[in-house]
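Colleague: Take a look at start-v5.pdb, PDB, N, CA and C atoms, pLDDT in the B column:
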```
ATOM      1  N   MET A   1       0.840  -1.170   0.000  1.00 79.00           N
ATOM      2  CA  MET A   1       0.000   0.000   0.000  1.00 79.00           C
ATOM      3  C   MET A   1       0.891   1.241   0.000  1.00 79.00           C
ATOM      4  N   LYS A   2       0.588   2.143  -0.896  1.00 89.00           N
ATOM      5  CA  LYS A   2       1.354   3.378  -1.000  1.00 89.00           C
ATOM      6  C   LYS A   2       0.976   4.322   0.135  1.00 89.00           C
ATOM      7  N   TYR A   3       1.908   5.191   0.494  1.00 90.00           N
ATOM      8  CA  TYR A   3       1.673   6.110   1.605  1.00 90.00           C
ATOM      9  C   TYR A   3       0.541   7.080   1.276  1.00 90.00           C
ATOM     10  N   ALA A   4       0.413   7.466   0.014  1.00 92.00           N
ATOM     11  CA  ALA A   4      -0.681   8.359  -0.388  1.00 92.00           C
ATOM     12  C   ALA A   4      -2.032   7.682  -0.150  1.00 92.00           C
ATOM     13  N   GLU A   5      -2.105   6.381  -0.369  1.00 94.00           N
ATOM     14  CA  GLU A   5      -3.342   5.641  -0.120  1.00 94.00           C
ATOM     15  C   GLU A   5      -3.636   5.602   1.381  1.00 94.00           C
ATOM     16  N   ILE A   6      -2.604   5.473   2.177  1.00 93.00           N
ATOM     17  CA  ILE A   6      -2.764   5.443   3.632  1.00 93.00           C
ATOM     18  C   ILE A   6      -3.291   6.792   4.113  1.00 93.00           C
ATOM     19  N   GLN A   7      -2.769   7.875   3.579  1.00 93.00           N
ATOM     20  CA  GLN A   7      -3.196   9.211   3.984  1.00 93.00           C
ATOM     21  C   GLN A   7      -4.640   9.481   3.591  1.00 93.00           C
ATOM     22  N   ALA A   8      -5.117   8.844   2.536  1.00 94.00           N
ATOM     23  CA  ALA A   8      -6.473   9.070   2.062  1.00 94.00           C
ATOM     24  C   ALA A   8      -7.525   8.376   2.930  1.00 94.00           C
ATOM     25  N   LEU A   9      -7.113   7.396   3.724  1.00 94.00           N
ATOM     26  CA  LEU A   9      -8.053   6.654   4.560  1.00 94.00           C
ATOM     27  C   LEU A   9      -8.495   7.483   5.765  1.00 94.00           C
ATOM     28  N   SER A  10      -9.692   7.194   6.246  1.00 95.00           N
ATOM     29  CA  SER A  10     -10.150   7.846   7.474  1.00 95.00           C
ATOM     30  C   SER A  10      -9.434   7.193   8.653  1.00 95.00           C
ATOM     31  N   THR A  11      -9.506   7.817   9.797  1.00 94.00           N
ATOM     32  CA  THR A  11      -8.823   7.309  10.984  1.00 94.00           C
ATOM     33  C   THR A  11      -9.363   5.938  11.382  1.00 94.00           C
ATOM     34  N   GLU A  12     -10.680   5.764  11.320  1.00 96.00           N
ATOM     35  CA  GLU A  12     -11.278   4.476  11.686  1.00 96.00           C
ATOM     36  C   GLU A  12     -10.863   3.377  10.710  1.00 96.00           C
ATOM     37  N   GLU A  13     -10.869   3.699   9.416  1.00 96.00           N
ATOM     38  CA  GLU A  13     -10.429   2.722   8.411  1.00 96.00           C
ATOM     39  C   GLU A  13      -8.964   2.351   8.637  1.00 96.00           C
ATOM     40  N   LEU A  14      -8.180   3.341   8.991  1.00 97.00           N
ATOM     41  CA  LEU A  14      -6.760   3.120   9.227  1.00 97.00           C
ATOM     42  C   LEU A  14      -6.544   2.179  10.410  1.00 97.00           C
ATOM     43  N   LYS A  15      -7.303   2.372  11.473  1.00 97.00           N
ATOM     44  CA  LYS A  15      -7.192   1.502  12.643  1.00 97.00           C
ATOM     45  C   LYS A  15      -7.581   0.063  12.292  1.00 97.00           C
ATOM     46  N   GLU A  16      -8.622  -0.091  11.480  1.00 97.00           N
ATOM     47  CA  GLU A  16      -9.044  -1.423  11.044  1.00 97.00           C
ATOM     48  C   GLU A  16      -7.959  -2.083  10.193  1.00 97.00           C
ATOM     49  N   LYS A  17      -7.361  -1.308   9.298  1.00 97.00           N
ATOM     50  CA  LYS A  17      -6.297  -1.834   8.435  1.00 97.00           C
ATOM     51  C   LYS A  17      -5.085  -2.257   9.256  1.00 97.00           C
ATOM     52  N   VAL A  18      -4.751  -1.472  10.290  1.00 97.00           N
ATOM     53  CA  VAL A  18      -3.614  -1.810  11.149  1.00 97.00           C
ATOM     54  C   VAL A  18      -3.876  -3.153  11.820  1.00 97.00           C
ATOM     55  N   ASN A  19      -5.069  -3.331  12.372  1.00 98.00           N
ATOM     56  CA  ASN A  19      -5.394  -4.589  13.036  1.00 98.00           C
ATOM     57  C   ASN A  19      -5.357  -5.763  12.067  1.00 98.00           C
ATOM     58  N   ALA A  20      -5.904  -5.565  10.870  1.00 97.00           N
ATOM     59  CA  ALA A  20      -5.904  -6.627   9.867  1.00 97.00           C
ATOM     60  C   ALA A  20      -4.483  -6.974   9.431  1.00 97.00           C
ATOM     61  N   GLU A  21      -3.657  -5.961   9.249  1.00 97.00           N
ATOM     62  CA  GLU A  21      -2.277  -6.198   8.801  1.00 97.00           C
ATOM     63  C   GLU A  21      -1.456  -6.861   9.900  1.00 97.00           C
ATOM     64  N   ARG A  22      -1.733  -6.536  11.156  1.00 98.00           N
ATOM     65  CA  ARG A  22      -1.040  -7.192  12.269  1.00 98.00           C
ATOM     66  C   ARG A  22      -1.379  -8.674  12.328  1.00 98.00           C
ATOM     67  N   VAL A  23      -2.634  -9.002  12.070  1.00 98.00           N
ATOM     68  CA  VAL A  23      -3.053 -10.410  12.047  1.00 98.00           C
ATOM     69  C   VAL A  23      -2.341 -11.130  10.904  1.00 98.00           C
ATOM     70  N   THR A  24      -2.280 -10.490   9.752  1.00 97.00           N
ATOM     71  CA  THR A  24      -1.585 -11.068   8.602  1.00 97.00           C
ATOM     72  C   THR A  24      -0.114 -11.295   8.920  1.00 97.00           C
ATOM     73  N   LEU A  25       0.507 -10.314   9.553  1.00 97.00           N
ATOM     74  CA  LEU A  25       1.913 -10.425   9.921  1.00 97.00           C
ATOM     75  C   LEU A  25       2.136 -11.578  10.897  1.00 97.00           C
ATOM     76  N   GLN A  26       1.248 -11.708  11.848  1.00 97.00           N
ATOM     77  CA  GLN A  26       1.355 -12.787  12.825  1.00 97.00           C
ATOM     78  C   GLN A  26       1.237 -14.147  12.134  1.00 97.00           C
ATOM     79  N   LYS A  27       0.310 -14.267  11.197  1.00 97.00           N
ATOM     80  CA  LYS A  27       0.137 -15.523  10.459  1.00 97.00           C
ATOM     81  C   LYS A  27       1.364 -15.836   9.608  1.00 97.00           C
ATOM     82  N   LEU A  28       1.913 -14.795   8.967  1.00 97.00           N
ATOM     83  CA  LEU A  28       3.117 -14.997   8.156  1.00 97.00           C
ATOM     84  C   LEU A  28       4.287 -15.459   9.009  1.00 97.00           C
ATOM     85  N   ASN A  29       4.461 -14.829  10.171  1.00 97.00           N
ATOM     86  CA  ASN A  29       5.551 -15.225  11.054  1.00 97.00           C
ATOM     87  C   ASN A  29       5.393 -16.659  11.528  1.00 97.00           C
ATOM     88  N   PHE A  30       4.170 -17.048  11.859  1.00 97.00           N
ATOM     89  CA  PHE A  30       3.925 -18.411  12.305  1.00 97.00           C
ATOM     90  C   PHE A  30       4.185 -19.398  11.166  1.00 97.00           C
ATOM     91  N   ALA A  31       3.678 -19.088   9.983  1.00 96.00           N
ATOM     92  CA  ALA A  31       3.882 -19.961   8.830  1.00 96.00           C
ATOM     93  C   ALA A  31       5.368 -20.083   8.494  1.00 96.00           C
ATOM     94  N   HIS A  32       6.097 -19.010   8.645  1.00 96.00           N
ATOM     95  CA  HIS A  32       7.530 -19.021   8.349  1.00 96.00           C
ATOM     96  C   HIS A  32       8.299 -19.838   9.387  1.00 96.00           C
ATOM     97  N   ALA A  33       7.818 -19.839  10.621  1.00 95.00           N
ATOM     98  CA  ALA A  33       8.481 -20.616  11.668  1.00 95.00           C
ATOM     99  C   ALA A  33       8.270 -22.107  11.445  1.00 95.00           C
ATOM    100  N   VAL A  34       7.101 -22.469  10.967  1.00 96.00           N
ATOM    101  CA  VAL A  34       6.794 -23.883  10.737  1.00 96.00           C
ATOM    102  C   VAL A  34       7.506 -24.377   9.488  1.00 96.00           C
ATOM    103  N   THR A  35       7.301 -23.689   8.398  1.00 94.00           N
ATOM    104  CA  THR A  35       7.912 -24.040   7.123  1.00 94.00           C
ATOM    105  C   THR A  35       8.357 -22.747   6.460  1.00 94.00           C
ATOM    106  N   PRO A  36       9.594 -22.645   6.028  1.00 94.00           N
ATOM    107  CA  PRO A  36      10.050 -21.399   5.408  1.00 94.00           C
ATOM    108  C   PRO A  36       9.151 -20.978   4.241  1.00 94.00           C
ATOM    109  N   LEU A  37       8.831 -19.700   4.212  1.00 93.00           N
ATOM    110  CA  LEU A  37       7.988 -19.161   3.148  1.00 93.00           C
ATOM    111  C   LEU A  37       8.741 -19.142   1.832  1.00 93.00           C
ATOM    112  N   GLU A  38       7.976 -19.225   0.756  1.00 95.00           N
ATOM    113  CA  GLU A  38       8.572 -19.155  -0.569  1.00 95.00           C
ATOM    114  C   GLU A  38       9.147 -17.766  -0.812  1.00 95.00           C
ATOM    115  N   ASN A  39       8.437 -16.744  -0.310  1.00 95.00           N
ATOM    116  CA  ASN A  39       8.898 -15.363  -0.459  1.00 95.00           C
ATOM    117  C   ASN A  39       8.902 -14.694   0.921  1.00 95.00           C
ATOM    118  N   PRO A  40      10.004 -14.775   1.656  1.00 94.00           N
ATOM    119  CA  PRO A  40      10.046 -14.184   2.993  1.00 94.00           C
ATOM    120  C   PRO A  40      10.001 -12.658   3.001  1.00 94.00           C
ATOM    121  N   ASN A  41      10.113 -12.030   1.837  1.00 96.00           N
ATOM    122  CA  ASN A  41      10.008 -10.568   1.773  1.00 96.00           C
ATOM    123  C   ASN A  41       8.605 -10.094   2.103  1.00 96.00           C
ATOM    124  N   LYS A  42       7.620 -10.983   2.046  1.00 96.00           N
ATOM    125  CA  LYS A  42       6.250 -10.617   2.417  1.00 96.00           C
ATOM    126  C   LYS A  42       6.195 -10.190   3.874  1.00 96.00           C
ATOM    127  N   ILE A  43       7.024 -10.809   4.719  1.00 97.00           N
ATOM    128  CA  ILE A  43       7.071 -10.439   6.136  1.00 97.00           C
ATOM    129  C   ILE A  43       7.554  -8.998   6.267  1.00 97.00           C
ATOM    130  N   ARG A  44       8.593  -8.667   5.552  1.00 97.00           N
ATOM    131  CA  ARG A  44       9.149  -7.317   5.596  1.00 97.00           C
ATOM    132  C   ARG A  44       8.135  -6.290   5.091  1.00 97.00           C
ATOM    133  N   GLU A  45       7.456  -6.616   3.994  1.00 96.00           N
ATOM    134  CA  GLU A  45       6.464  -5.700   3.432  1.00 96.00           C
ATOM    135  C   GLU A  45       5.313  -5.475   4.407  1.00 96.00           C
ATOM    136  N   SER A  46       4.883  -6.534   5.052  1.00 96.00           N
ATOM    137  CA  SER A  46       3.787  -6.430   6.012  1.00 96.00           C
ATOM    138  C   SER A  46       4.199  -5.593   7.216  1.00 96.00           C
ATOM    139  N   ARG A  47       5.403  -5.827   7.719  1.00 97.00           N
ATOM    140  CA  ARG A  47       5.914  -5.062   8.861  1.00 97.00           C
ATOM    141  C   ARG A  47       6.036  -3.583   8.508  1.00 97.00           C
ATOM    142  N   LYS A  48       6.483  -3.299   7.294  1.00 96.00           N
ATOM    143  CA  LYS A  48       6.626  -1.925   6.829  1.00 96.00           C
ATOM    144  C   LYS A  48       5.260  -1.246   6.700  1.00 96.00           C
ATOM    145  N   ALA A  49       4.267  -1.988   6.212  1.00 96.00           N
ATOM    146  CA  ALA A  49       2.920  -1.432   6.065  1.00 96.00           C
ATOM    147  C   ALA A  49       2.340  -1.061   7.427  1.00 96.00           C
ATOM    148  N   VAL A  50       2.540  -1.928   8.421  1.00 97.00           N
ATOM    149  CA  VAL A  50       2.057  -1.641   9.778  1.00 97.00           C
ATOM    150  C   VAL A  50       2.737  -0.379  10.300  1.00 97.00           C
ATOM    151  N   ALA A  51       4.024  -0.279  10.116  1.00 97.00           N
ATOM    152  CA  ALA A  51       4.773   0.884  10.606  1.00 97.00           C
ATOM    153  C   ALA A  51       4.292   2.174   9.938  1.00 97.00           C
ATOM    154  N   GLN A  52       4.042   2.129   8.637  1.00 96.00           N
ATOM    155  CA  GLN A  52       3.568   3.322   7.935  1.00 96.00           C
ATOM    156  C   GLN A  52       2.189   3.751   8.432  1.00 96.00           C
ATOM    157  N   MET A  53       1.326   2.775   8.653  1.00 97.00           N
ATOM    158  CA  MET A  53      -0.019   3.106   9.129  1.00 97.00           C
ATOM    159  C   MET A  53       0.024   3.664  10.548  1.00 97.00           C
ATOM    160  N   LEU A  54       0.851   3.090  11.399  1.00 97.00           N
ATOM    161  CA  LEU A  54       0.976   3.593  12.764  1.00 97.00           C
ATOM    162  C   LEU A  54       1.580   4.992  12.781  1.00 97.00           C
ATOM    163  N   THR A  55       2.499   5.254  11.874  1.00 97.00           N
ATOM    164  CA  THR A  55       3.093   6.582  11.760  1.00 97.00           C
ATOM    165  C   THR A  55       2.038   7.604  11.371  1.00 97.00           C
ATOM    166  N   GLU A  56       1.192   7.255  10.423  1.00 96.00           N
ATOM    167  CA  GLU A  56       0.129   8.171  10.005  1.00 96.00           C
ATOM    168  C   GLU A  56      -0.866   8.403  11.141  1.00 96.00           C
ATOM    169  N   LEU A  57      -1.207   7.356  11.892  1.00 96.00           N
ATOM    170  CA  LEU A  57      -2.102   7.526  13.037  1.00 96.00           C
ATOM    171  C   LEU A  57      -1.501   8.468  14.071  1.00 96.00           C
ATOM    172  N   ARG A  58      -0.218   8.301  14.341  1.00 96.00           N
ATOM    173  CA  ARG A  58       0.460   9.161  15.319  1.00 96.00           C
ATOM    174  C   ARG A  58       0.518  10.597  14.820  1.00 96.00           C
ATOM    175  N   LYS A  59       0.758  10.784  13.544  1.00 95.00           N
ATOM    176  CA  LYS A  59       0.805  12.115  12.945  1.00 95.00           C
ATOM    177  C   LYS A  59      -0.544  12.821  13.117  1.00 95.00           C
ATOM    178  N   ARG A  60      -1.634  12.080  12.893  1.00 95.00           N
ATOM    179  CA  ARG A  60      -2.967  12.648  13.056  1.00 95.00           C
ATOM    180  C   ARG A  60      -3.253  12.960  14.521  1.00 95.00           C
ATOM    181  N   GLU A  61      -2.795  12.092  15.395  1.00 94.00           N
ATOM    182  CA  GLU A  61      -2.996  12.305  16.839  1.00 94.00           C
ATOM    183  C   GLU A  61      -2.287  13.582  17.281  1.00 94.00           C
ATOM    184  N   LEU A  62      -1.070  13.782  16.836  1.00 94.00           N
ATOM    185  CA  LEU A  62      -0.320  14.983  17.207  1.00 94.00           C
ATOM    186  C   LEU A  62      -0.935  16.236  16.592  1.00 94.00           C
ATOM    187  N   ALA A  63      -1.489  16.117  15.389  1.00 93.00           N
ATOM    188  CA  ALA A  63      -2.120  17.260  14.743  1.00 93.00           C
ATOM    189  C   ALA A  63      -3.375  17.683  15.522  1.00 93.00           C
ATOM    190  N   ASN A  64      -4.086  16.720  16.077  1.00 89.00           N
ATOM    191  CA  ASN A  64      -5.297  17.033  16.858  1.00 89.00           C
ATOM    192  C   ASN A  64      -4.949  17.659  18.199  1.00 89.00           C
ATOM    193  N   VAL A  65      -3.834  17.311  18.767  1.00 88.00           N
ATOM    194  CA  VAL A  65      -3.419  17.862  20.057  1.00 88.00           C
ATOM    195  C   VAL A  65      -3.029  19.325  19.909  1.00 88.00           C
ATOM    196  N   LYS A  66      -2.378  19.666  18.824  1.00 78.00           N
ATOM    197  CA  LYS A  66      -1.914  21.037  18.591  1.00 78.00           C
ATOM    198  C   LYS A  66      -3.048  22.006  18.337  1.00 78.00           C
ATOM    199  N   LYS A  67      -4.195  21.499  17.871  1.00 69.00           N
ATOM    200  CA  LYS A  67      -5.326  22.389  17.539  1.00 69.00           C
ATOM    201  C   LYS A  67      -6.028  22.907  18.754  1.00 69.00           C
TER     202      LYS A  67
END
```
Would you mind giving the structure from this file in structure tokens?

Modeller:
Amino acid sequence: MKYAEIQALSTEELKEKVNAERVTLQKLNFAHAVTPLENPNKIRESRKAVAQMLTELRKRELANVKK
């Protein structure tokens, strides 16, 4: 997911996406522990997506505090 797409989401949608992506990341990590994944870069991409979404949530939180 591109950062511009993340910025376009509402705060509630963003929170839902973070939770969904965390579940996906957890499943990928478990699957990788049992049997190595064919493409382990999916773990990195998922972790990066979670970080970007959390960064955007924090940015919005700080913007609301300053107002």

Colleague: Could you list, as a ChimeraX atom specification, every residue matched by the PyMOL selection byres (((chain A and resi 14 and name CA) around 12) and name CA) in this structure?

Modeller: /A:1,3,5-13,15-21,49-58,60

Colleague: Could you pull out the residues in chain A that DSSP calls helix (DSSP H, G or I) from the backbone, as an mmCIF file with N, CA and C atoms, in the coordinates of the input?

Modeller:
```
data_model
loop_
_atom_site.group_PDB
_atom_site.id
_atom_site.type_symbol
_atom_site.label_atom_id
_atom_site.label_comp_id
_atom_site.auth_asym_id
_atom_site.auth_seq_id
_atom_site.Cartn_x
_atom_site.Cartn_y
_atom_site.Cartn_z
ATOM 1 N N TYR A 3 1.908 5.191 0.494
ATOM 2 C CA TYR A 3 1.673 6.110 1.605
ATOM 3 C C TYR A 3 0.541 7.080 1.276
ATOM 4 N N ALA A 4 0.413 7.466 0.014
ATOM 5 C CA ALA A 4 -0.681 8.359 -0.388
ATOM 6 C C ALA A 4 -2.032 7.682 -0.150
ATOM 7 N N GLU A 5 -2.105 6.381 -0.369
ATOM 8 C CA GLU A 5 -3.342 5.641 -0.120
ATOM 9 C C GLU A 5 -3.636 5.602 1.381
ATOM 10 N N ILE A 6 -2.604 5.473 2.177
ATOM 11 C CA ILE A 6 -2.764 5.443 3.632
ATOM 12 C C ILE A 6 -3.291 6.792 4.113
ATOM 13 N N GLN A 7 -2.769 7.875 3.579
ATOM 14 C CA GLN A 7 -3.196 9.211 3.984
ATOM 15 C C GLN A 7 -4.640 9.481 3.591
ATOM 16 N N ALA A 8 -5.117 8.844 2.536
ATOM 17 C CA ALA A 8 -6.473 9.070 2.062
ATOM 18 C C ALA A 8 -7.525 8.376 2.930
ATOM 19 N N THR A 11 -9.506 7.817 9.797
ATOM 20 C CA THR A 11 -8.823 7.309 10.984
ATOM 21 C C THR A 11 -9.363 5.938 11.382
ATOM 22 N N GLU A 12 -10.680 5.764 11.320
ATOM 23 C CA GLU A 12 -11.278 4.476 11.686
ATOM 24 C C GLU A 12 -10.863 3.377 10.710
ATOM 25 N N GLU A 13 -10.869 3.699 9.416
ATOM 26 C CA GLU A 13 -10.429 2.722 8.411
ATOM 27 C C GLU A 13 -8.964 2.351 8.637
ATOM 28 N N LEU A 14 -8.180 3.341 8.991
ATOM 29 C CA LEU A 14 -6.760 3.120 9.227
ATOM 30 C C LEU A 14 -6.544 2.179 10.410
ATOM 31 N N LYS A 15 -7.303 2.372 11.473
ATOM 32 C CA LYS A 15 -7.192 1.502 12.643
ATOM 33 C C LYS A 15 -7.581 0.063 12.292
ATOM 34 N N GLU A 16 -8.622 -0.091 11.480
ATOM 35 C CA GLU A 16 -9.044 -1.423 11.044
ATOM 36 C C GLU A 16 -7.959 -2.083 10.193
ATOM 37 N N LYS A 17 -7.361 -1.308 9.298
ATOM 38 C CA LYS A 17 -6.297 -1.834 8.435
ATOM 39 C C LYS A 17 -5.085 -2.257 9.256
ATOM 40 N N VAL A 18 -4.751 -1.472 10.290
ATOM 41 C CA VAL A 18 -3.614 -1.810 11.149
ATOM 42 C C VAL A 18 -3.876 -3.153 11.820
ATOM 43 N N ASN A 19 -5.069 -3.331 12.372
ATOM 44 C CA ASN A 19 -5.394 -4.589 13.036
ATOM 45 C C ASN A 19 -5.357 -5.763 12.067
ATOM 46 N N ALA A 20 -5.904 -5.565 10.870
ATOM 47 C CA ALA A 20 -5.904 -6.627 9.867
ATOM 48 C C ALA A 20 -4.483 -6.974 9.431
ATOM 49 N N GLU A 21 -3.657 -5.961 9.249
ATOM 50 C CA GLU A 21 -2.277 -6.198 8.801
ATOM 51 C C GLU A 21 -1.456 -6.861 9.900
ATOM 52 N N ARG A 22 -1.733 -6.536 11.156
ATOM 53 C CA ARG A 22 -1.040 -7.192 12.269
ATOM 54 C C ARG A 22 -1.379 -8.674 12.328
ATOM 55 N N VAL A 23 -2.634 -9.002 12.070
ATOM 56 C CA VAL A 23 -3.053 -10.410 12.047
ATOM 57 C C VAL A 23 -2.341 -11.130 10.904
ATOM 58 N N THR A 24 -2.280 -10.490 9.752
ATOM 59 C CA THR A 24 -1.585 -11.068 8.602
ATOM 60 C C THR A 24 -0.114 -11.295 8.920
ATOM 61 N N LEU A 25 0.507 -10.314 9.553
ATOM 62 C CA LEU A 25 1.913 -10.425 9.921
ATOM 63 C C LEU A 25 2.136 -11.578 10.897
ATOM 64 N N GLN A 26 1.248 -11.708 11.848
ATOM 65 C CA GLN A 26 1.355 -12.787 12.825
ATOM 66 C C GLN A 26 1.237 -14.147 12.134
ATOM 67 N N LYS A 27 0.310 -14.267 11.197
ATOM 68 C CA LYS A 27 0.137 -15.523 10.459
ATOM 69 C C LYS A 27 1.364 -15.836 9.608
ATOM 70 N N LEU A 28 1.913 -14.795 8.967
ATOM 71 C CA LEU A 28 3.117 -14.997 8.156
ATOM 72 C C LEU A 28 4.287 -15.459 9.009
ATOM 73 N N ASN A 29 4.461 -14.829 10.171
ATOM 74 C CA ASN A 29 5.551 -15.225 11.054
ATOM 75 C C ASN A 29 5.393 -16.659 11.528
ATOM 76 N N PHE A 30 4.170 -17.048 11.859
ATOM 77 C CA PHE A 30 3.925 -18.411 12.305
ATOM 78 C C PHE A 30 4.185 -19.398 11.166
ATOM 79 N N ALA A 31 3.678 -19.088 9.983
ATOM 80 C CA ALA A 31 3.882 -19.961 8.830
ATOM 81 C C ALA A 31 5.368 -20.083 8.494
ATOM 82 N N HIS A 32 6.097 -19.010 8.645
ATOM 83 C CA HIS A 32 7.530 -19.021 8.349
ATOM 84 C C HIS A 32 8.299 -19.838 9.387
ATOM 85 N N ALA A 33 7.818 -19.839 10.621
ATOM 86 C CA ALA A 33 8.481 -20.616 11.668
ATOM 87 C C ALA A 33 8.270 -22.107 11.445
ATOM 88 N N VAL A 34 7.101 -22.469 10.967
ATOM 89 C CA VAL A 34 6.794 -23.883 10.737
ATOM 90 C C VAL A 34 7.506 -24.377 9.488
ATOM 91 N N ASN A 41 10.113 -12.030 1.837
ATOM 92 C CA ASN A 41 10.008 -10.568 1.773
ATOM 93 C C ASN A 41 8.605 -10.094 2.103
ATOM 94 N N LYS A 42 7.620 -10.983 2.046
ATOM 95 C CA LYS A 42 6.250 -10.617 2.417
ATOM 96 C C LYS A 42 6.195 -10.190 3.874
ATOM 97 N N ILE A 43 7.024 -10.809 4.719
ATOM 98 C CA ILE A 43 7.071 -10.439 6.136
ATOM 99 C C ILE A 43 7.554 -8.998 6.267
ATOM 100 N N ARG A 44 8.593 -8.667 5.552
ATOM 101 C CA ARG A 44 9.149 -7.317 5.596
ATOM 102 C C ARG A 44 8.135 -6.290 5.091
ATOM 103 N N GLU A 45 7.456 -6.616 3.994
ATOM 104 C CA GLU A 45 6.464 -5.700 3.432
ATOM 105 C C GLU A 45 5.313 -5.475 4.407
ATOM 106 N N SER A 46 4.883 -6.534 5.052
ATOM 107 C CA SER A 46 3.787 -6.430 6.012
ATOM 108 C C SER A 46 4.199 -5.593 7.216
ATOM 109 N N ARG A 47 5.403 -5.827 7.719
ATOM 110 C CA ARG A 47 5.914 -5.062 8.861
ATOM 111 C C ARG A 47 6.036 -3.583 8.508
ATOM 112 N N LYS A 48 6.483 -3.299 7.294
ATOM 113 C CA LYS A 48 6.626 -1.925 6.829
ATOM 114 C C LYS A 48 5.260 -1.246 6.700
ATOM 115 N N ALA A 49 4.267 -1.988 6.212
ATOM 116 C CA ALA A 49 2.920 -1.432 6.065
ATOM 117 C C ALA A 49 2.340 -1.061 7.427
ATOM 118 N N VAL A 50 2.540 -1.928 8.421
ATOM 119 C CA VAL A 50 2.057 -1.641 9.778
ATOM 120 C C VAL A 50 2.737 -0.379 10.300
ATOM 121 N N ALA A 51 4.024 -0.279 10.116
ATOM 122 C CA ALA A 51 4.773 0.884 10.606
ATOM 123 C C ALA A 51 4.292 2.174 9.938
ATOM 124 N N GLN A 52 4.042 2.129 8.637
ATOM 125 C CA GLN A 52 3.568 3.322 7.935
ATOM 126 C C GLN A 52 2.189 3.751 8.432
ATOM 127 N N MET A 53 1.326 2.775 8.653
ATOM 128 C CA MET A 53 -0.019 3.106 9.129
ATOM 129 C C MET A 53 0.024 3.664 10.548
ATOM 130 N N LEU A 54 0.851 3.090 11.399
ATOM 131 C CA LEU A 54 0.976 3.593 12.764
ATOM 132 C C LEU A 54 1.580 4.992 12.781
ATOM 133 N N THR A 55 2.499 5.254 11.874
ATOM 134 C CA THR A 55 3.093 6.582 11.760
ATOM 135 C C THR A 55 2.038 7.604 11.371
ATOM 136 N N GLU A 56 1.192 7.255 10.423
ATOM 137 C CA GLU A 56 0.129 8.171 10.005
ATOM 138 C C GLU A 56 -0.866 8.403 11.141
ATOM 139 N N LEU A 57 -1.207 7.356 11.892
ATOM 140 C CA LEU A 57 -2.102 7.526 13.037
ATOM 141 C C LEU A 57 -1.501 8.468 14.071
ATOM 142 N N ARG A 58 -0.218 8.301 14.341
ATOM 143 C CA ARG A 58 0.460 9.161 15.319
ATOM 144 C C ARG A 58 0.518 10.597 14.820
ATOM 145 N N LYS A 59 0.758 10.784 13.544
ATOM 146 C CA LYS A 59 0.805 12.115 12.945
ATOM 147 C C LYS A 59 -0.544 12.821 13.117
ATOM 148 N N ARG A 60 -1.634 12.080 12.893
ATOM 149 C CA ARG A 60 -2.967 12.648 13.056
ATOM 150 C C ARG A 60 -3.253 12.960 14.521
ATOM 151 N N GLU A 61 -2.795 12.092 15.395
ATOM 152 C CA GLU A 61 -2.996 12.305 16.839
ATOM 153 C C GLU A 61 -2.287 13.582 17.281
ATOM 154 N N LEU A 62 -1.070 13.782 16.836
ATOM 155 C CA LEU A 62 -0.320 14.983 17.207
ATOM 156 C C LEU A 62 -0.935 16.236 16.592
ATOM 157 N N ALA A 63 -1.489 16.117 15.389
ATOM 158 C CA ALA A 63 -2.120 17.260 14.743
ATOM 159 C C ALA A 63 -3.375 17.683 15.522
ATOM 160 N N ASN A 64 -4.086 16.720 16.077
ATOM 161 C CA ASN A 64 -5.297 17.033 16.858
ATOM 162 C C ASN A 64 -4.949 17.659 18.199
ATOM 163 N N VAL A 65 -3.834 17.311 18.767
ATOM 164 C CA VAL A 65 -3.419 17.862 20.057
ATOM 165 C C VAL A 65 -3.029 19.325 19.909
ATOM 166 N N LYS A 66 -2.378 19.666 18.824
ATOM 167 C CA LYS A 66 -1.914 21.037 18.591
ATOM 168 C C LYS A 66 -3.048 22.006 18.337
#
```

Colleague: Figure out the distance between CA of Ala63 (chain A) and CA of Arg22 (chain A), please, to one decimal in Å.

Modeller: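 Pair CA of Arg22 (chain A) / CA of Ala63 (chain A) returns 24.6 Å.
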
Colleague: What is the distance, in Å and to one decimal place, between CA of Lys2 (chain A) and CA of Ala33 (chain A)?

Modeller: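 Taking CA of Lys2 (chain A) and CA of Ala33 (chain A), their separation equals 28.1 Å.
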
Colleague: So how many Å separate atom C of Ile43 (chain A) and atom C of Glu61 (chain A), to one decimal?

Modeller: 27.0 Å

Colleague: Which neighbours of Leu28 (chain A) fall inside 9 Å, counting only C-alpha atoms, when residues of the same chain fewer than 2 positions from it are skipped, and could you give them as number ranges by chain?

Modeller: A: 23-26, 30-33, 37, 40, 42-43, 46

Colleague: If the box runs along x, y and z of the file and leaves 8 Å on each side of region 27-31 of chain A, what are its centre and edge lengths in Å, one decimal, as lines of an AutoDock Vina configuration file?

Modeller:
```
center_x = 2.8
center_y = -17.2
center_z = 10.2
size_x = 21.4
size_y = 21.8
size_z = 20.1
```
